[in-house]
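Undergrad: Below is input01.pdb; it holds PDB, C-alpha atoms.
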ATOM      1  CA  MET X 270     181.043  98.408 107.284
ATOM      2  CA  SER X 271     183.535 101.265 107.569
ATOM      3  CA  ILE X 272     181.688 103.347 104.991
ATOM      4  CA  TRP X 273     178.614 103.401 107.235
ATOM      5  CA  CYS X 274     180.721 104.239 110.286
ATOM      6  CA  THR X 275     182.275 107.248 108.586
ATOM      7  CA  ARG X 276     178.935 108.367 107.165
ATOM      8  CA  THR X 277     177.430 108.147 110.650
ATOM      9  CA  VAL X 278     180.221 110.386 111.937
ATOM     10  CA  LEU X 279     179.499 112.871 109.154
ATOM     11  CA  LEU X 280     175.812 112.765 110.076
ATOM     12  CA  PHE X 281     176.749 113.453 113.707
ATOM     13  CA  ALA X 282     178.879 116.402 112.560
ATOM     14  CA  ILE X 283     175.917 117.804 110.625
ATOM     15  CA  VAL X 284     173.878 117.835 113.828
ATOM     16  CA  ASP X 285     176.863 118.993 115.907
ATOM     17  CA  PHE X 286     177.454 122.050 113.710
ATOM     18  CA  GLY X 287     173.907 122.567 112.444
ATOM     19  CA  TYR X 288     172.259 123.015 115.824
ATOM     20  CA  PRO X 289     174.417 125.942 116.993
ATOM     21  CA  ALA X 290     174.452 127.478 113.513
ATOM     22  CA  LEU X 291     170.685 127.626 113.296
ATOM     23  CA  ASN X 292     170.309 128.772 116.898
ATOM     24  CA  TYR X 293     172.893 131.550 116.578
ATOM     25  CA  LEU X 294     171.340 132.686 113.286
ATOM     26  CA  SER X 295     167.842 132.859 114.728
ATOM     27  CA  ALA X 296     168.516 134.053 118.292
ATOM     28  CA  PRO X 297     172.093 135.232 118.857
ATOM     29  CA  VAL X 298     171.294 137.207 122.017
ATOM     30  CA  VAL X 299     169.592 134.240 123.698
ATOM     31  CA  MET X 300     172.355 131.810 122.691
ATOM     32  CA  ALA X 301     175.080 134.159 123.916
ATOM     33  CA  ALA X 302     173.229 134.693 127.198
ATOM     34  CA  THR X 303     173.170 130.930 127.820
ATOM     35  CA  GLU X 304     176.977 131.041 127.616
ATOM     36  CA  GLY X 305     177.184 133.974 130.020
ATOM     37  CA  ILE X 306     177.824 136.604 127.332
ATOM     38  CA  ASN X 307     175.764 139.811 127.410
ATOM     39  CA  LEU X 308     174.963 141.589 124.158
ATOM     40  CA  TRP X 309     173.605 145.057 124.771
ATOM     41  CA  THR X 310     173.659 146.640 121.322
ATOM     42  CA  PRO X 311     172.131 145.651 117.981
ATOM     43  CA  SER X 312     175.588 145.617 116.385
ATOM     44  CA  SER X 313     176.869 143.157 118.997
ATOM     45  CA  ALA X 314     173.976 140.833 118.149
ATOM     46  CA  SER X 315     174.811 141.103 114.436
ATOM     47  CA  ILE X 316     178.490 140.486 115.046
ATOM     48  CA  THR X 317     177.638 137.451 117.178
ATOM     49  CA  ARG X 318     175.297 136.152 114.515
ATOM     50  CA  VAL X 319     178.013 136.404 111.874
ATOM     51  CA  GLN X 320     180.921 135.113 113.965
ATOM     52  CA  MET X 321     179.122 132.360 115.862
ATOM     53  CA  ALA X 322     176.754 131.111 113.144
ATOM     54  CA  THR X 323     178.593 131.339 109.839
ATOM     55  CA  TYR X 324     181.486 129.096 110.859
ATOM     56  CA  PRO X 325     179.250 126.207 112.010
ATOM     57  CA  LEU X 326     177.072 126.822 108.949
ATOM     58  CA  ALA X 327     180.098 126.449 106.668
ATOM     59  CA  MET X 328     181.045 123.222 108.450
ATOM     60  CA  LEU X 329     177.449 122.059 108.029
ATOM     61  CA  VAL X 330     177.679 122.564 104.260
ATOM     62  CA  VAL X 331     181.039 120.757 104.013
ATOM     63  CA  THR X 332     179.944 117.775 106.096
ATOM     64  CA  THR X 333     176.608 117.484 104.264
ATOM     65  CA  TYR X 334     178.450 117.465 100.945
ATOM     66  CA  GLY X 335     180.858 114.848 102.304
ATOM     67  CA  LEU X 336     177.946 112.707 103.417
ATOM     68  CA  PHE X 337     176.368 112.573  99.967
ATOM     69  CA  VAL X 338     179.425 112.735  97.670
ATOM     70  CA  ARG X 339     181.559 109.697  98.361
ATOM     71  CA  ARG X 340     184.865 111.029  97.038
ATOM     72  CA  PHE X 341     184.478 114.181  99.137
ATOM     73  CA  ALA X 342     183.995 112.303 102.434
ATOM     74  CA  ILE X 343     187.718 112.117 103.221
ATOM     75  CA  PHE X 344     188.069 115.879 102.750
ATOM     76  CA  GLY X 345     185.069 116.534 104.998
ATOM     77  CA  LEU X 346     186.410 114.209 107.684
ATOM     78  CA  GLY X 347     189.890 115.719 107.401
ATOM     79  CA  LEU X 348     188.478 119.212 107.826
ATOM     80  CA  LEU X 349     186.486 118.020 110.841
ATOM     81  CA  CYS X 350     189.689 116.617 112.357
ATOM     82  CA  ILE X 351     191.533 119.902 111.857
ATOM     83  CA  VAL X 352     188.722 122.069 113.223
ATOM     84  CA  SER X 353     188.066 119.754 116.166
ATOM     85  CA  SER X 354     191.779 119.597 117.019
ATOM     86  CA  MET X 355     191.982 123.390 116.955
ATOM     87  CA  ALA X 356     188.949 123.631 119.253
ATOM     88  CA  LEU X 357     190.660 121.163 121.576
ATOM     89  CA  CYS X 358     193.768 123.355 121.579
ATOM     90  CA  GLY X 359     191.571 126.378 122.320
ATOM     91  CA  TYR X 360     190.017 124.683 125.348
ATOM     92  CA  MET X 361     193.433 123.582 126.625
ATOM     93  CA  THR X 362     194.840 127.086 126.159
ATOM     94  CA  GLY X 363     191.876 128.560 128.043
ATOM     95  CA  ILE X 364     192.374 126.132 130.928
ATOM     96  CA  TRP X 365     196.101 126.883 130.967
ATOM     97  CA  MET X 366     195.570 130.662 130.953
ATOM     98  CA  GLU X 367     192.462 131.052 133.127
ATOM     99  CA  GLY X 368     192.511 127.843 135.141
ATOM    100  CA  ALA X 369     190.145 124.913 135.099
ATOM    101  CA  THR X 370     186.529 125.056 136.170
ATOM    102  CA  ALA X 371     184.043 122.219 136.209
ATOM    103  CA  ARG X 372     182.428 123.589 133.050
ATOM    104  CA  THR X 373     185.640 124.038 131.063
ATOM    105  CA  SER X 374     186.841 120.597 132.149
ATOM    106  CA  LEU X 375     183.580 119.109 130.892
ATOM    107  CA  PHE X 376     183.927 120.956 127.567
ATOM    108  CA  LEU X 377     187.503 119.689 127.272
ATOM    109  CA  GLN X 378     186.429 116.090 127.925
ATOM    110  CA  GLN X 379     183.611 116.327 125.388
ATOM    111  CA  GLN X 380     185.936 117.856 122.810
ATOM    112  CA  MET X 381     188.519 115.114 123.373
ATOM    113  CA  ILE X 382     185.874 112.446 122.715
ATOM    114  CA  VAL X 383     184.561 114.174 119.601
ATOM    115  CA  THR X 384     188.073 114.741 118.245
ATOM    116  CA  SER X 385     188.923 111.073 118.815
ATOM    117  CA  ILE X 386     185.785 109.987 116.950
ATOM    118  CA  TYR X 387     186.582 112.308 114.027
ATOM    119  CA  LEU X 388     190.183 111.068 113.882
ATOM    120  CA  LEU X 389     189.088 107.433 113.972
ATOM    121  CA  ALA X 390     186.537 107.999 111.194
ATOM    122  CA  PHE X 391     189.151 109.826 109.112
ATOM    123  CA  ALA X 392     191.619 106.940 109.557
ATOM    124  CA  MET X 393     188.937 104.422 108.565
ATOM    125  CA  GLU X 394     187.961 106.397 105.465
ATOM    126  CA  TRP X 395     191.617 106.916 104.535
ATOM    127  CA  GLN X 396     192.296 103.193 104.795
ATOM    128  CA  ARG X 397     189.141 102.341 102.846
ATOM    129  CA  SER X 398     190.053 104.740 100.042
ATOM    130  CA  ARG X 399     193.631 103.400  99.878
ATOM    131  CA  LEU X 400     192.346  99.838  99.613
ATOM    132  CA  ALA X 401     189.887 100.880  96.902
ATOM    133  CA  VAL X 402     192.656 102.583  94.901
ATOM    134  CA  SER X 403     195.084  99.658  95.258
ATOM    135  CA  GLY X 404     192.305  97.197  94.329
ATOM    136  CA  HIS X 405     191.447  99.286  91.277
ATOM    137  CA  ARG X 406     195.112  99.350  90.195
ATOM    138  CA  ALA X 407     195.415  95.584  90.576
ATOM    139  CA  GLU X 408     192.288  95.042  88.442
ATOM    140  CA  SER X 409     193.537  97.346  85.675
ATOM    141  CA  ARG X 410     196.851  95.485  85.206
ATOM    142  CA  PRO X 411     196.910  93.129  82.255
ATOM    143  CA  GLY X 412     197.733  89.600  82.957
TER
END
Please express what this file holds, its structure, as structure tokens.
TA:
Amino acid sequence: MSIWCTRTVLLFAIVDFGYPALNYLSAPVVMAATEGINLWTPSSASITRVQMATYPLAMLVVTTYGLFVRRFAIFGLGLLCIVSSMALCGYMTGIWMEGATARTSLFLQQQMIVTSIYLLAFAMEWQRSRLAVSGHRAESRPG
């Protein structure tokens, strides 16, 4: 059962990173405006496209690979845990430096839930892979 749980989390991550990646690639000015950021020059739109779309796109590639290549799933989940934890730290730093608003508090709560899900899936996959390795070692012993 745990293999399907972790694969479901990887599928969620594909959607979680794929949606903003595709939106920022196709319409960076519109996406930035929805976040309250104004982009007045063509170069600012290009910079936003590169900085806001390529990172989620890279995560999309890693999580998709982890979904389909079984031995790569633990790496994909581990990377998700690291990235999600760093985003959580970024939200907490922003609240500490600028103060909390209803919107930033909501983002922080959402990020805490997502980070917890990624960490749980990573722990499940780690345990599953350890059991598979120890089971394989026991089968290969003569006797």
Undergrad: Taking the file above as input, evaluate the PyMOL selection byres ((chain X and resi 309-325) around 6) and report the hits as a PyMOL selection string.
TA: chain X and resi 286+290+293-294+297-298+308+326-328
Undergrad: Once the PyMOL selection byres ((chain X and resi 377) around 10) is applied to the coordinates I shared, what remains selected? I want it as an NGL selection string.
TA: :X and (356-361 or 363-364 or 369 or 371-376 or 378-383)
Undergrad: List every protein, DNA or RNA residue that has an atom no more than 10 Å from (190.1, 106.3, 98.5) in the file's coordinate frame, counting only C-alpha atoms, and report them as an MDAnalysis selection string.
TA: chainID X and resid 339:343 394:403
Undergrad: On this structure, which residues satisfy the PyMOL selection byres ((chain X and resi 336) around 9), written as a PDB file with C-alpha atoms, keeping the file's coordinate frame?
TA:
ATOM      1  CA  THR X 275     182.275 107.248 108.586  1.00  0.00           C
ATOM      2  CA  ARG X 276     178.935 108.367 107.165  1.00  0.00           C
ATOM      3  CA  THR X 277     177.430 108.147 110.650  1.00  0.00           C
ATOM      4  CA  LEU X 279     179.499 112.871 109.154  1.00  0.00           C
ATOM      5  CA  LEU X 280     175.812 112.765 110.076  1.00  0.00           C
ATOM      6  CA  VAL X 331     181.039 120.757 104.013  1.00  0.00           C
ATOM      7  CA  THR X 332     179.944 117.775 106.096  1.00  0.00           C
ATOM      8  CA  THR X 333     176.608 117.484 104.264  1.00  0.00           C
ATOM      9  CA  TYR X 334     178.450 117.465 100.945  1.00  0.00           C
ATOM     10  CA  GLY X 335     180.858 114.848 102.304  1.00  0.00           C
ATOM     11  CA  PHE X 337     176.368 112.573  99.967  1.00  0.00           C
ATOM     12  CA  VAL X 338     179.425 112.735  97.670  1.00  0.00           C
ATOM     13  CA  ARG X 339     181.559 109.697  98.361  1.00  0.00           C
ATOM     14  CA  PHE X 341     184.478 114.181  99.137  1.00  0.00           C
ATOM     15  CA  ALA X 342     183.995 112.303 102.434  1.00  0.00           C
ATOM     16  CA  GLY X 345     185.069 116.534 104.998  1.00  0.00           C
TER      17      GLY X 345
END
Undergrad: If you measure from atom CA of Leu388 of chain X to atom CA of Asp285 of chain X, what distance in Å do you get, rounded to one decimal?
TA: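 Value for the atom CA of Leu388 of chain X-atom CA of Asp285 of chain X distance: 15.6 Å.
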Undergrad: Which is closer to Ala392 of chain X than all the others in X:Trp273, X:Ile283, X:Thr303, X:Gly347, using all atoms listed in the file?
TA: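 Comparing X:Trp273, X:Ile283, X:Thr303, X:Gly347 against Ala392 of chain X, the winner is X:Gly347.
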